[in-house]
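S.K.: So that we are looking at the same thing, I have put the structure below in structure tokens.
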Number of protein chains: 2
Amino acid sequence: MDLYQNSVGMALAQLCRANRQYVDDELRKIGLHVGQEMILFQLWAEDGLSQSQFAEKLCVEPPTVTKMLQRMEAGQLLVRRPDPDDARISRVFLTEKGRSLEEPVKKIWEELDTRSMSGISLPEQMLLRRMLLQIHENLTK
Amino acid sequence: MDLYQNSVGMALAQLCRANRQYVDDELRKIGLHVGQEMILFQLWAEDGLSQSQFAEKLCVEPPTVTKMLQRMEAGQLLVRRPDPDDARISRVFLTEKGRSLEEPVKKIWEELDTRSMSGISLPEQMLLRRMLLQIHENLTK
DNA sequence: CTATATTATTTAGGTGGCTAACTAAATTGG
DNA sequence: CCAATTTAGTTAGCCACCTAAATAATATAG
């Protein structure tokens, strides 16, 4: 088999870059970098998370979280405050600015979803999502 | 709809990181970084490509290619030589070392494919691949 | 109660990827 | 034939990621 032309893995890898690029372009317009919206998604759902909780939820390593939060704090999107009970933990809270981005960011993701799913039926979409989760599980367990 | 939990886009974004991480881990064992294998795939198919050809084939920007090639040249995987007919162009050729990695890299990708597709039937795989290509097209056109 | 282990975060350094701005060479047009 | 444009690559600087190693605070074991 021609691995490069025909494998699902290659199609996936190429789609990933296009997907990321699309989101990056859109987020740039509202002053965010791709990846940062994932931090915000978590905070919109639950404020005051610790940094290690982000690492776990986003499936990234702790140093990645540290740096992203430093930049986002510098950008006034959030603040970090020490946990009163455990001095090792620093907890993250949204600022007004961070809160104000919820609408535009969710809109971007909704448009992404609409656009990417064009020409794919609803049953196919469900199957697709199930397969993506399955593959994810196959690769991580 | 709970965008974060249910959208195909989120499932895709998460799978992408897992996929990339898996490939990165495997490539590390043979001294490569994720992304570099794409350069090599192209060279194994056709030696002597120009740098802009890589940018186009890999769907990345020229500066990305420049940096990757610089590092890969430093790592003895390839060499860059000026084109005899057009002094603007520099062409890329495999070294012995670069050529020697074809087998192990292709094996990694085959194993990735086998592993990710576990539990997904062949017809489903074909549908999946078609959908991935469709989404890619939806996002880039 | 103290030594050890674990947990949370950071720092340092490297890679792929991007945009903006620059150089140099080839092509095109008046 | 020469000026203006296009093309090919690079440099600078930013960001998300990673691993390895350090720091500091809490929890555990003897």
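Order determines the names: the first chain of the structure tokens is A, the second B, and so forth; residues in each chain are numbered 1 upward, and ligands are numbered 1 upward as they are shown.
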Using only C-alpha atoms (C1' of nucleotides), find the residues of chain A whose closest atom to chain D is at most 8 Å away, then write them as a PDB file with N, CA and C atoms, in the first residue's frame.
M.R.:
ATOM      1  N   HIS A  33      -4.395  33.038  20.686  1.00  0.00           N
ATOM      2  CA  HIS A  33      -3.608  32.064  19.938  1.00  0.00           C
ATOM      3  C   HIS A  33      -4.272  30.705  20.071  1.00  0.00           C
ATOM      4  N   VAL A  34      -4.124  29.902  19.034  1.00  0.00           N
ATOM      5  CA  VAL A  34      -4.719  28.580  19.061  1.00  0.00           C
ATOM      6  C   VAL A  34      -4.173  27.798  20.257  1.00  0.00           C
ATOM      7  N   GLY A  35      -5.047  27.155  20.962  1.00  0.00           N
ATOM      8  CA  GLY A  35      -4.670  26.435  22.171  1.00  0.00           C
ATOM      9  C   GLY A  35      -5.185  27.162  23.406  1.00  0.00           C
ATOM     10  N   VAL A  60      -2.145  18.027  28.071  1.00  0.00           N
ATOM     11  CA  VAL A  60      -0.818  18.584  27.778  1.00  0.00           C
ATOM     12  C   VAL A  60       0.028  18.501  29.040  1.00  0.00           C
ATOM     13  N   GLU A  61       1.305  18.761  28.911  1.00  0.00           N
ATOM     14  CA  GLU A  61       2.224  18.623  30.038  1.00  0.00           C
ATOM     15  C   GLU A  61       2.225  19.900  30.891  1.00  0.00           C
ATOM     16  N   THR A  64       3.752  23.231  29.674  1.00  0.00           N
ATOM     17  CA  THR A  64       2.956  23.897  28.640  1.00  0.00           C
ATOM     18  C   THR A  64       1.906  24.790  29.283  1.00  0.00           C
ATOM     19  N   ASP A  86      -3.332  25.196  50.402  1.00  0.00           N
ATOM     20  CA  ASP A  86      -2.171  24.425  49.951  1.00  0.00           C
ATOM     21  C   ASP A  86      -1.260  25.346  49.146  1.00  0.00           C
ATOM     22  N   ALA A  87      -0.167  25.683  49.742  1.00  0.00           N
ATOM     23  CA  ALA A  87       0.700  26.710  49.146  1.00  0.00           C
ATOM     24  C   ALA A  87       1.366  26.257  47.852  1.00  0.00           C
ATOM     25  N   ARG A  88       1.265  24.974  47.525  1.00  0.00           N
ATOM     26  CA  ARG A  88       1.854  24.518  46.266  1.00  0.00           C
ATOM     27  C   ARG A  88       0.972  24.876  45.085  1.00  0.00           C
TER      28      ARG A  88
END
S.K.: Counting only C-alpha atoms (C1' of nucleotides), a student should be able to say which residues of chain C come within 12 Å of chain B; what is the right answer, written as a ChimeraX atom specification?
M.R.: /C:14-20,23-27
S.K.: Got time to write the residues from that selection, N, CA and C atoms (P, O5', C5', C4', C3', O3' and C1' of nucleotides), as an mmCIF file, in the first residue's frame?
M.R.:
data_model
loop_
_atom_site.group_PDB
_atom_site.id
_atom_site.type_symbol
_atom_site.label_atom_id
_atom_site.label_comp_id
_atom_site.auth_asym_id
_atom_site.auth_seq_id
_atom_site.Cartn_x
_atom_site.Cartn_y
_atom_site.Cartn_z
ATOM 1 P P DG C 14 19.293 24.267 23.289
ATOM 2 O "O5'" DG C 14 18.343 23.372 22.375
ATOM 3 C "C5'" DG C 14 18.080 22.008 22.746
ATOM 4 C "C4'" DG C 14 16.817 21.530 22.069
ATOM 5 C "C3'" DG C 14 16.627 22.043 20.645
ATOM 6 O "O3'" DG C 14 16.501 20.973 19.724
ATOM 7 C "C1'" DG C 14 14.645 22.320 21.918
ATOM 8 P P DT C 15 16.483 21.287 18.162
ATOM 9 O "O5'" DT C 15 14.923 21.137 17.812
ATOM 10 C "C5'" DT C 15 14.270 19.907 18.090
ATOM 11 C "C4'" DT C 15 12.836 19.961 17.598
ATOM 12 C "C3'" DT C 15 12.691 20.673 16.272
ATOM 13 O "O3'" DT C 15 12.053 19.838 15.312
ATOM 14 C "C1'" DT C 15 11.159 21.562 17.876
ATOM 15 P P DG C 16 11.797 20.464 13.850
ATOM 16 O "O5'" DG C 16 10.225 20.749 13.916
ATOM 17 C "C5'" DG C 16 9.323 19.680 14.112
ATOM 18 C "C4'" DG C 16 7.901 20.215 14.117
ATOM 19 C "C3'" DG C 16 7.486 20.877 12.811
ATOM 20 O "O3'" DG C 16 6.113 20.602 12.567
ATOM 21 C "C1'" DG C 16 7.418 22.473 14.551
ATOM 22 P P DG C 17 5.470 20.971 11.168
ATOM 23 O "O5'" DG C 17 5.031 22.497 11.348
ATOM 24 C "C5'" DG C 17 3.777 22.791 11.920
ATOM 25 C "C4'" DG C 17 3.613 24.268 12.138
ATOM 26 C "C3'" DG C 17 3.908 25.143 10.927
ATOM 27 O "O3'" DG C 17 2.725 25.522 10.223
ATOM 28 C "C1'" DG C 17 4.637 26.124 12.985
ATOM 29 P P DC C 18 2.819 26.549 8.995
ATOM 30 O "O5'" DC C 18 2.674 27.972 9.737
ATOM 31 C "C5'" DC C 18 1.567 28.190 10.605
ATOM 32 C "C4'" DC C 18 1.598 29.605 11.124
ATOM 33 C "C3'" DC C 18 1.881 30.628 10.050
ATOM 34 O "O3'" DC C 18 0.748 31.447 9.776
ATOM 35 C "C1'" DC C 18 3.314 30.967 11.922
ATOM 36 P P DT C 19 0.862 32.423 8.495
ATOM 37 O "O5'" DT C 19 1.402 33.792 9.147
ATOM 38 C "C5'" DT C 19 0.725 34.391 10.259
ATOM 39 C "C4'" DT C 19 1.418 35.712 10.615
ATOM 40 C "C3'" DT C 19 1.570 36.665 9.440
ATOM 41 O "O3'" DT C 19 1.348 37.989 9.893
ATOM 42 C "C1'" DT C 19 3.704 36.134 10.277
ATOM 43 P P DA C 20 1.256 39.171 8.805
ATOM 44 O "O5'" DA C 20 2.680 39.903 8.969
ATOM 45 C "C5'" DA C 20 3.215 40.082 10.272
ATOM 46 C "C4'" DA C 20 4.527 40.829 10.194
ATOM 47 C "C3'" DA C 20 4.659 41.762 8.994
ATOM 48 O "O3'" DA C 20 5.418 42.893 9.386
ATOM 49 C "C1'" DA C 20 6.346 40.124 8.885
ATOM 50 P P DT C 23 17.564 44.227 3.134
ATOM 51 O "O5'" DT C 23 18.049 42.934 2.337
ATOM 52 C "C5'" DT C 23 18.791 41.924 3.018
ATOM 53 C "C4'" DT C 23 19.036 40.760 2.073
ATOM 54 C "C3'" DT C 23 19.638 41.167 0.730
ATOM 55 O "O3'" DT C 23 20.804 40.401 0.493
ATOM 56 C "C1'" DT C 23 17.736 39.788 0.417
ATOM 57 P P DA C 24 21.841 40.825 -0.689
ATOM 58 O "O5'" DA C 24 21.453 39.812 -1.845
ATOM 59 C "C5'" DA C 24 21.390 38.428 -1.554
ATOM 60 C "C4'" DA C 24 20.718 37.705 -2.689
ATOM 61 C "C3'" DA C 24 21.171 38.172 -4.077
ATOM 62 O "O3'" DA C 24 21.420 37.024 -4.845
ATOM 63 C "C1'" DA C 24 18.833 38.186 -3.950
ATOM 64 P P DA C 25 22.355 37.125 -6.172
ATOM 65 O "O5'" DA C 25 21.457 36.413 -7.278
ATOM 66 C "C5'" DA C 25 20.864 35.161 -6.956
ATOM 67 C "C4'" DA C 25 19.610 34.997 -7.759
ATOM 68 C "C3'" DA C 25 19.790 35.267 -9.248
ATOM 69 O "O3'" DA C 25 19.331 34.126 -9.952
ATOM 70 C "C1'" DA C 25 17.885 36.402 -8.409
ATOM 71 P P DA C 26 19.615 33.948 -11.522
ATOM 72 O "O5'" DA C 26 18.160 34.131 -12.146
ATOM 73 C "C5'" DA C 26 17.174 33.174 -11.764
ATOM 74 C "C4'" DA C 26 15.813 33.678 -12.147
ATOM 75 C "C3'" DA C 26 15.615 33.911 -13.648
ATOM 76 O "O3'" DA C 26 14.436 33.216 -14.023
ATOM 77 C "C1'" DA C 26 14.889 35.784 -12.394
ATOM 78 P P DT C 27 14.028 33.061 -15.587
ATOM 79 O "O5'" DT C 27 12.746 34.010 -15.692
ATOM 80 C "C5'" DT C 27 11.767 33.968 -14.681
ATOM 81 C "C4'" DT C 27 10.795 35.127 -14.829
ATOM 82 C "C3'" DT C 27 10.377 35.413 -16.274
ATOM 83 O "O3'" DT C 27 8.959 35.475 -16.305
ATOM 84 C "C1'" DT C 27 11.051 37.398 -15.191
#
S.K.: Would you mind writing down, as a ChimeraX atom specification, each residue of stretch 5-139 of chain A that DSSP on the backbone assigns to alpha helix (DSSP H)?
M.R.: /A:5-6,8-28,36-45,51-58,62-74,96-100,102-116,122-139
S.K.: Could I get the residues of chain A with an atom no further than 9 Å from an atom of chain B, each paired with its nearest atom pair and that distance in Å to one decimal, using only C-alpha atoms, sorted by chain and residue number, as a tab-separated table?
M.R.:
residue	atom	partner	partner_atom	distance
A:Leu3	CA	B:Glu110	CA	7.5
A:Tyr4	CA	B:Phe41	CA	7.2
A:Asn6	CA	B:Arg129	CA	8.5
A:Ser7	CA	B:Asp113	CA	7.0
A:Val8	CA	B:Arg129	CA	5.5
A:Gly9	CA	B:Asp113	CA	6.0
A:Met10	CA	B:Trp109	CA	8.8
A:Ala11	CA	B:Leu132	CA	6.3
A:Leu12	CA	B:Leu132	CA	6.6
A:Ala13	CA	B:Cys16	CA	7.2
A:Gln14	CA	B:His136	CA	7.8
A:Leu15	CA	B:His136	CA	5.2
A:Cys16	CA	B:Cys16	CA	6.0
A:Arg17	CA	B:Cys59	CA	8.1
A:Ala18	CA	B:His136	CA	6.6
A:Asn19	CA	B:Leu139	CA	7.0
A:Arg20	CA	B:Ala13	CA	7.9
A:Tyr22	CA	B:Leu139	CA	7.0
A:Met38	CA	B:Tyr4	CA	9.0
A:Phe41	CA	B:Tyr4	CA	7.3
A:Gln42	CA	B:Tyr4	CA	8.8
A:Leu58	CA	B:Gln14	CA	8.0
A:Cys59	CA	B:Gln14	CA	7.8
A:Val60	CA	B:Arg17	CA	8.5
A:Lys106	CA	B:Leu3	CA	7.7
A:Trp109	CA	B:Gly9	CA	7.7
A:Glu110	CA	B:Leu3	CA	7.5
A:Leu112	CA	B:Gly9	CA	7.3
A:Asp113	CA	B:Gly9	CA	6.0
A:Arg115	CA	B:Asn138	CA	6.4
A:Ser116	CA	B:Ile135	CA	4.9
A:Met117	CA	B:Ile135	CA	6.5
A:Ser118	CA	B:Asn138	CA	6.9
A:Gly119	CA	B:Gln134	CA	7.9
A:Ile120	CA	B:Met131	CA	7.4
A:Glu124	CA	B:Met131	CA	8.5
A:Gln125	CA	B:Val8	CA	7.4
A:Met126	CA	B:Val8	CA	8.3
A:Leu127	CA	B:Leu128	CA	8.7
A:Leu128	CA	B:Leu128	CA	6.5
A:Arg129	CA	B:Val8	CA	5.5
A:Arg130	CA	B:Ala11	CA	9.0
A:Met131	CA	B:Ile120	CA	7.3
A:Leu132	CA	B:Ala11	CA	6.3
A:Leu133	CA	B:Ala11	CA	6.5
A:Gln134	CA	B:Gly119	CA	7.9
A:Ile135	CA	B:Ser116	CA	4.9
A:His136	CA	B:Leu15	CA	5.2
A:Glu137	CA	B:Ser116	CA	8.3
A:Asn138	CA	B:Ser116	CA	5.4
A:Leu139	CA	B:Ser116	CA	6.0
A:Thr140	CA	B:Ala18	CA	6.9
S.K.: Give me, please, the distance in Å between atom CA of B:Gly98 and atom CA of B:Gln70, quoted to one decimal.
M.R.: 13.9 Å
S.K.: Looking only at strand (DSSP E or B) from DSSP on the backbone, list the matching residues of chain A as a list in words.
M.R.: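 Assigned to strand (DSSP E or B), within chain A: Leu49, Ser50, Leu78, Val79, Arg80, Arg81, Pro82, Ser90, Arg91, Val92, Phe93 and Leu94 of chain A.
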